[in-house]
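Participant: File follows, query19.cif with mmCIF, C-alpha atoms:
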data_start
#
loop_
_atom_site.group_PDB
_atom_site.id
_atom_site.type_symbol
_atom_site.label_atom_id
_atom_site.label_comp_id
_atom_site.auth_asym_id
_atom_site.auth_seq_id
_atom_site.Cartn_x
_atom_site.Cartn_y
_atom_site.Cartn_z
ATOM 1 C CA MET A 603 -15.872 -14.697 0.331
ATOM 2 C CA GLN A 604 -13.332 -16.558 2.437
ATOM 3 C CA LEU A 605 -10.570 -13.950 2.969
ATOM 4 C CA THR A 606 -7.098 -14.588 4.336
ATOM 5 C CA PHE A 607 -4.381 -11.998 4.908
ATOM 6 C CA ARG A 608 -0.861 -13.422 5.005
ATOM 7 C CA LYS A 609 2.772 -12.896 4.095
ATOM 8 C CA ALA A 610 3.463 -13.615 0.444
ATOM 9 C CA THR A 611 5.836 -16.334 -0.674
ATOM 10 C CA LEU A 612 7.866 -16.735 -3.849
ATOM 11 C CA GLU A 613 5.096 -19.054 -5.099
ATOM 12 C CA ASP A 614 2.804 -15.989 -5.097
ATOM 13 C CA ALA A 615 5.174 -13.827 -7.170
ATOM 14 C CA ALA A 616 3.675 -14.591 -10.604
ATOM 15 C CA ARG A 617 0.117 -13.830 -9.454
ATOM 16 C CA ILE A 618 1.286 -10.662 -7.656
ATOM 17 C CA TRP A 619 3.034 -9.525 -10.831
ATOM 18 C CA GLU A 620 -0.146 -10.208 -12.843
ATOM 19 C CA ILE A 621 -2.095 -7.944 -10.428
ATOM 20 C CA ILE A 622 0.603 -5.247 -10.595
ATOM 21 C CA LEU A 623 0.429 -5.336 -14.422
ATOM 22 C CA GLN A 624 -3.354 -4.946 -14.253
ATOM 23 C CA ALA A 625 -2.946 -1.896 -11.984
ATOM 24 C CA LYS A 626 -0.308 -0.404 -14.285
ATOM 25 C CA ALA A 627 -2.606 -0.887 -17.297
ATOM 26 C CA GLN A 628 -5.468 0.823 -15.464
ATOM 27 C CA MET A 629 -3.236 3.772 -14.547
ATOM 28 C CA LEU A 630 -2.052 4.038 -18.147
ATOM 29 C CA ARG A 631 -5.654 3.999 -19.453
ATOM 30 C CA GLN A 632 -6.521 6.779 -16.999
ATOM 31 C CA ASN A 633 -3.370 8.812 -17.769
ATOM 32 C CA LYS A 634 -2.190 8.442 -14.168
ATOM 33 C CA GLN A 635 1.492 9.119 -13.537
ATOM 34 C CA GLN A 636 2.252 7.022 -10.444
ATOM 35 C CA TRP A 637 3.296 3.723 -12.065
ATOM 36 C CA ASP A 638 4.791 3.123 -15.501
ATOM 37 C CA GLU A 639 7.059 0.700 -17.383
ATOM 38 C CA THR A 640 9.953 1.473 -15.003
ATOM 39 C CA TYR A 641 8.122 1.027 -11.680
ATOM 40 C CA PRO A 642 7.225 -1.232 -10.079
ATOM 41 C CA LEU A 643 9.273 -4.030 -11.574
ATOM 42 C CA PRO A 644 9.307 -7.788 -10.871
ATOM 43 C CA GLU A 645 12.458 -7.302 -8.795
ATOM 44 C CA ASN A 646 10.541 -4.931 -6.493
ATOM 45 C CA ILE A 647 8.133 -7.761 -5.751
ATOM 46 C CA THR A 648 10.810 -10.423 -5.205
ATOM 47 C CA SER A 649 12.696 -7.964 -2.990
ATOM 48 C CA ASP A 650 9.501 -7.315 -0.991
ATOM 49 C CA ILE A 651 9.052 -11.068 -0.550
ATOM 50 C CA SER A 652 12.667 -11.704 0.495
ATOM 51 C CA ASN A 653 12.577 -8.757 2.931
ATOM 52 C CA GLY A 654 9.333 -9.971 4.507
ATOM 53 C CA TYR A 655 7.367 -6.913 3.315
ATOM 54 C CA ALA A 656 5.074 -8.676 0.831
ATOM 55 C CA TYR A 657 1.525 -9.370 1.998
ATOM 56 C CA VAL A 658 -1.435 -10.725 0.089
ATOM 57 C CA LEU A 659 -5.153 -10.866 0.619
ATOM 58 C CA CYS A 660 -6.570 -14.137 -0.670
ATOM 59 C CA ASP A 661 -10.095 -15.286 -1.398
ATOM 60 C CA GLU A 662 -10.372 -19.034 -0.940
ATOM 61 C CA GLY A 663 -6.604 -19.312 -1.437
ATOM 62 C CA ILE A 664 -6.451 -17.164 -4.596
ATOM 63 C CA VAL A 665 -4.387 -13.962 -4.326
ATOM 64 C CA ILE A 666 -6.703 -11.010 -4.989
ATOM 65 C CA ALA A 667 -4.665 -8.085 -3.611
ATOM 66 C CA TYR A 668 -1.079 -7.211 -2.800
ATOM 67 C CA ALA A 669 0.816 -4.651 -0.749
ATOM 68 C CA ALA A 670 4.302 -4.098 0.585
ATOM 69 C CA VAL A 671 3.848 -3.619 4.340
ATOM 70 C CA VAL A 672 6.949 -2.031 5.817
ATOM 71 C CA PHE A 673 7.728 -1.522 9.504
ATOM 72 C CA ASP A 674 11.349 -0.344 8.912
ATOM 73 C CA GLY A 675 10.451 3.247 8.059
ATOM 74 C CA GLU A 676 10.591 5.112 4.766
ATOM 75 C CA PRO A 677 13.603 7.418 4.221
ATOM 76 C CA ALA A 678 11.567 9.810 2.038
ATOM 77 C CA TYR A 679 9.258 10.440 5.015
ATOM 78 C CA GLU A 680 12.061 12.085 7.000
ATOM 79 C CA SER A 681 11.755 15.310 5.007
ATOM 80 C CA ILE A 682 8.077 16.089 4.613
ATOM 81 C CA LYS A 683 6.830 19.446 3.373
ATOM 82 C CA GLY A 684 4.215 19.615 6.092
ATOM 83 C CA THR A 685 3.879 17.896 9.457
ATOM 84 C CA TRP A 686 3.242 14.309 10.429
ATOM 85 C CA LEU A 687 0.630 13.727 13.133
ATOM 86 C CA SER A 688 3.135 11.800 15.269
ATOM 87 C CA LYS A 689 6.811 10.979 15.602
ATOM 88 C CA GLN A 690 6.303 7.387 16.751
ATOM 89 C CA PRO A 691 7.294 4.205 14.882
ATOM 90 C CA TYR A 692 4.941 3.485 11.978
ATOM 91 C CA VAL A 693 3.848 1.048 9.321
ATOM 92 C CA VAL A 694 3.797 2.130 5.687
ATOM 93 C CA VAL A 695 2.077 0.506 2.714
ATOM 94 C CA HIS A 696 3.590 0.654 -0.760
ATOM 95 C CA ARG A 697 2.582 -0.937 -4.078
ATOM 96 C CA LEU A 698 -1.045 -1.612 -3.148
ATOM 97 C CA ALA A 699 -2.864 -3.337 -6.009
ATOM 98 C CA VAL A 700 -6.134 -5.242 -6.380
ATOM 99 C CA ALA A 701 -6.936 -7.811 -9.066
ATOM 100 C CA ASP A 702 -9.176 -6.442 -11.821
ATOM 101 C CA GLU A 703 -11.945 -8.956 -11.122
ATOM 102 C CA MET A 704 -12.100 -7.803 -7.480
ATOM 103 C CA LYS A 705 -12.134 -4.028 -8.007
ATOM 104 C CA GLN A 706 -15.009 -1.953 -6.624
ATOM 105 C CA LYS A 707 -15.681 -4.554 -3.909
ATOM 106 C CA GLY A 708 -13.861 -2.858 -1.024
ATOM 107 C CA ILE A 709 -10.856 -5.180 -1.234
ATOM 108 C CA ALA A 710 -8.235 -2.415 -0.896
ATOM 109 C CA THR A 711 -10.081 -1.135 2.172
ATOM 110 C CA LEU A 712 -10.133 -4.638 3.678
ATOM 111 C CA LEU A 713 -6.402 -5.036 3.030
ATOM 112 C CA MET A 714 -5.687 -1.687 4.711
ATOM 113 C CA GLN A 715 -7.798 -2.721 7.709
ATOM 114 C CA GLU A 716 -5.802 -5.966 7.949
ATOM 115 C CA VAL A 717 -2.589 -3.900 7.984
ATOM 116 C CA GLU A 718 -4.029 -1.817 10.835
ATOM 117 C CA THR A 719 -4.814 -4.989 12.785
ATOM 118 C CA LEU A 720 -1.322 -6.380 12.172
ATOM 119 C CA SER A 721 0.262 -3.092 13.171
ATOM 120 C CA ARG A 722 -1.656 -2.957 16.450
ATOM 121 C CA LYS A 723 -0.636 -6.573 17.212
ATOM 122 C CA LEU A 724 2.990 -5.498 16.765
ATOM 123 C CA GLY A 725 2.519 -2.451 19.014
ATOM 124 C CA ILE A 726 2.834 0.091 16.186
ATOM 125 C CA TYR A 727 0.174 2.807 16.372
ATOM 126 C CA SER A 728 0.953 5.009 13.395
ATOM 127 C CA PHE A 729 0.066 4.159 9.790
ATOM 128 C CA LYS A 730 1.599 6.288 7.032
ATOM 129 C CA VAL A 731 1.097 6.116 3.298
ATOM 130 C CA ASP A 732 1.755 8.241 0.242
ATOM 131 C CA THR A 733 0.159 8.406 -3.166
ATOM 132 C CA ASN A 734 0.272 10.368 -6.369
ATOM 133 C CA PHE A 735 -1.728 13.582 -6.656
ATOM 134 C CA ASP A 736 -3.981 12.059 -9.321
ATOM 135 C CA ASN A 737 -4.746 8.774 -7.529
ATOM 136 C CA PHE A 738 -8.302 9.758 -6.607
ATOM 137 C CA TYR A 739 -9.332 6.205 -5.651
ATOM 138 C CA MET A 740 -6.600 6.100 -3.024
ATOM 139 C CA HIS A 741 -7.399 9.606 -1.728
ATOM 140 C CA LYS A 742 -11.060 8.670 -1.213
ATOM 141 C CA MET A 743 -10.209 5.392 0.486
ATOM 142 C CA LEU A 744 -7.698 7.018 2.820
ATOM 143 C CA GLU A 745 -10.231 9.667 3.762
ATOM 144 C CA ARG A 746 -12.892 6.997 4.454
ATOM 145 C CA LEU A 747 -10.405 5.090 6.623
ATOM 146 C CA GLY A 748 -9.664 8.161 8.753
ATOM 147 C CA PHE A 749 -6.244 9.138 7.404
ATOM 148 C CA SER A 750 -5.236 12.804 7.535
ATOM 149 C CA TYR A 751 -3.357 14.614 4.804
ATOM 150 C CA CYS A 752 -0.006 15.724 6.274
ATOM 151 C CA GLY A 753 1.920 17.228 3.346
ATOM 152 C CA GLU A 754 4.204 16.247 0.482
ATOM 153 C CA ILE A 755 7.143 13.889 0.337
ATOM 154 C CA THR A 756 9.585 13.564 -2.532
ATOM 155 C CA TYR A 757 11.071 10.531 -4.263
ATOM 156 C CA LYS A 758 13.414 10.500 -7.256
ATOM 157 C CA ARG A 759 10.296 9.861 -9.342
ATOM 158 C CA GLY A 760 8.491 12.957 -8.012
ATOM 159 C CA SER A 761 6.374 14.300 -5.188
ATOM 160 C CA ARG A 762 3.572 12.421 -3.470
ATOM 161 C CA MET A 763 0.789 13.316 -1.080
ATOM 162 C CA ALA A 764 1.497 11.942 2.402
ATOM 163 C CA TYR A 765 -1.106 10.740 4.876
ATOM 164 C CA GLU A 766 -1.065 9.414 8.420
ATOM 165 C CA LYS A 767 -3.533 7.737 10.715
ATOM 166 C CA VAL A 768 -2.789 7.401 14.411
ATOM 167 C CA LEU A 769 -4.169 4.033 15.455
ATOM 168 C CA THR A 770 -5.960 3.524 18.729
ATOM 169 C CA MET A 771 -5.303 0.603 21.009
ATOM 170 C CA VAL A 772 -8.136 -1.888 20.936
#
Could you write out this structure as structure tokens?

Facilitator:
Amino acid sequence: MQLTFRKATLEDAARIWEIILQAKAQMLRQNKQQWDETYPLPENITSDISNGYAYVLCDEGIVIAYAAVVFDGEPAYESIKGTWLSKQPYVVVHRLAVADEMKQKGIATLLMQEVETLSRKLGIYSFKVDTNFDNFYMHKMLERLGFSYCGEITYKRGSRMAYEKVLTMV
């Protein structure tokens, strides 16, 4: 594999949307509640791209994974039922999805590690993320990557489990 992690462009939008649809279909098959026909939408992806949040992991130039990587904070994180590990600036990942043909190959883990590297380069040493209670794949990955469960946060669409990892300087 020849992997590249980079900001997404509008040219990537169709492939990103294809991957998002694959993830939605998988969640539907597994009766997961996190994503449905109302979220995420194509406009979430184009907004991520225009705001500079959209990142892709590519294998030999082909987009194989997507995530919104946000350094501006997440308003929902201001009122956690629980306690964050730190109060410092942080990076957050939303809308993480891996192409069906690349699942079970550690691609989501690699993407998260690339976000950690990027965050350190930018001098941000806290990594926060949230996920649905029934997203067992994400829970296991976050645990493997050293994230700690911190509590619950609430969006209009419901509550989510919130995690944080304090990054060390390399």

Participant: List the residues matched by the PyMOL selection byres ((chain A and resi 735) around 10) in the displayed structure as a list in words, ordered by chain and then by residue number.

Facilitator: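 Applied to this file, the PyMOL selection byres ((chain A and resi 735) around 10) selects Lys634, Gln635, Gln636, Asp732, Thr733, Asn734, Asp736, Asn737, Phe738, Met740, His741, Glu754, Ser761, Arg762, Met763 and Ala764 of chain A.
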
Participant: Please, which residues in stretch 674-763 of chain A fall within 10 Å of stretch 609-620 of chain A when counting all atoms listed in the file, and what is the closest atom pair and distance in Å to one decimal for each, ordered by chain then residue number, as JSON lines?

Facilitator:
{"residue": "A:Ala699", "atom": "CA", "partner": "A:Ile618", "partner_atom": "CA", "distance": 8.6}
{"residue": "A:Val700", "atom": "CA", "partner": "A:Ile618", "partner_atom": "CA", "distance": 9.3}
{"residue": "A:Ala701", "atom": "CA", "partner": "A:Glu620", "partner_atom": "CA", "distance": 8.1}
{"residue": "A:Asp702", "atom": "CA", "partner": "A:Glu620", "partner_atom": "CA", "distance": 9.8}

Participant: For atom CA of A:Leu643 and atom CA of A:Lys758, determine how far apart the two atoms are, in Å to one decimal place.

Facilitator: 15.7 Å

Participant: Name the residues in contact with stretch 706-717 of chain A at a cut-off of 7 Å, using all atoms listed in the file, excluding same-chain residues fewer than 3 positions from it; report them as a list in words.

Facilitator: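 Within the cut-off, the hits are Phe607, Leu659, Val700, Leu720, Ser721 and Met743 of chain A.
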
Participant: Can those selected residues be exported to a file as a JSON list (two decimals), in the coordinates of the input so that it contains C-alpha atoms?

Facilitator:
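In the end it all went to again.json:
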[["chain", "number", "residue", "atom", "x", "y", "z"],
["A", 607, "PHE", "CA", -4.38, -12.00, 4.91],
["A", 659, "LEU", "CA", -5.15, -10.87, 0.62],
["A", 700, "VAL", "CA", -6.13, -5.24, -6.38],
["A", 720, "LEU", "CA", -1.32, -6.38, 12.17],
["A", 721, "SER", "CA", 0.26, -3.09, 13.17],
["A", 743, "MET", "CA", -10.21, 5.39, 0.49]]

Participant: Using all atoms listed in the file, which residue out of A:Ile664, A:Ile621, A:Ile682, A:Val772 lies closest to A:Arg697?

Facilitator: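 The closest residue to A:Arg697 is A:Ile621.
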
Participant: Would you place a box with edges along x, y and z of the file around all atoms of stretch 695-713 of chain A listed there, add 6 Å to each of its six sides, and report the centre and edge lengths in Å to one decimal, as JSON?

Facilitator:
{"center_x": -6.0, "center_y": -4.2, "center_z": -4.1, "size_x": 31.3, "size_y": 21.6, "size_z": 27.5}

Participant: Decode the PyMOL selection byres ((chain A and resi 646) around 12) for the given file into explicit residues and return them as a list in words.

Facilitator: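 This file, filtered by the PyMOL selection byres ((chain A and resi 646) around 12), leaves Ala615, Ile618, Trp619, Ile622, Thr640, Tyr641, Pro642, Leu643, Pro644, Glu645, Ile647, Thr648, Ser649, Asp650, Ile651, Ser652, Asn653, Tyr655, Ala656, Ala669, Ala670, His696 and Arg697 of chain A.
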
Participant: Considering only C-alpha atoms, state which residue in the set A:Tyr751, A:Val693, A:Tyr679, A:Tyr657 is at the smallest distance from A:Arg608.

Facilitator: A:Tyr657

Participant: Can you measure atom CA of A:Ala678 to atom CA of A:Tyr757 for me? One decimal in Å is fine.

Facilitator: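 Between these atoms lies a distance of 6.4 Å.
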
Participant: Report, in Å with one decimal, the straight-line distance from atom CA of A:Val658 to atom CA of A:Leu687.

Facilitator: 27.8 Å
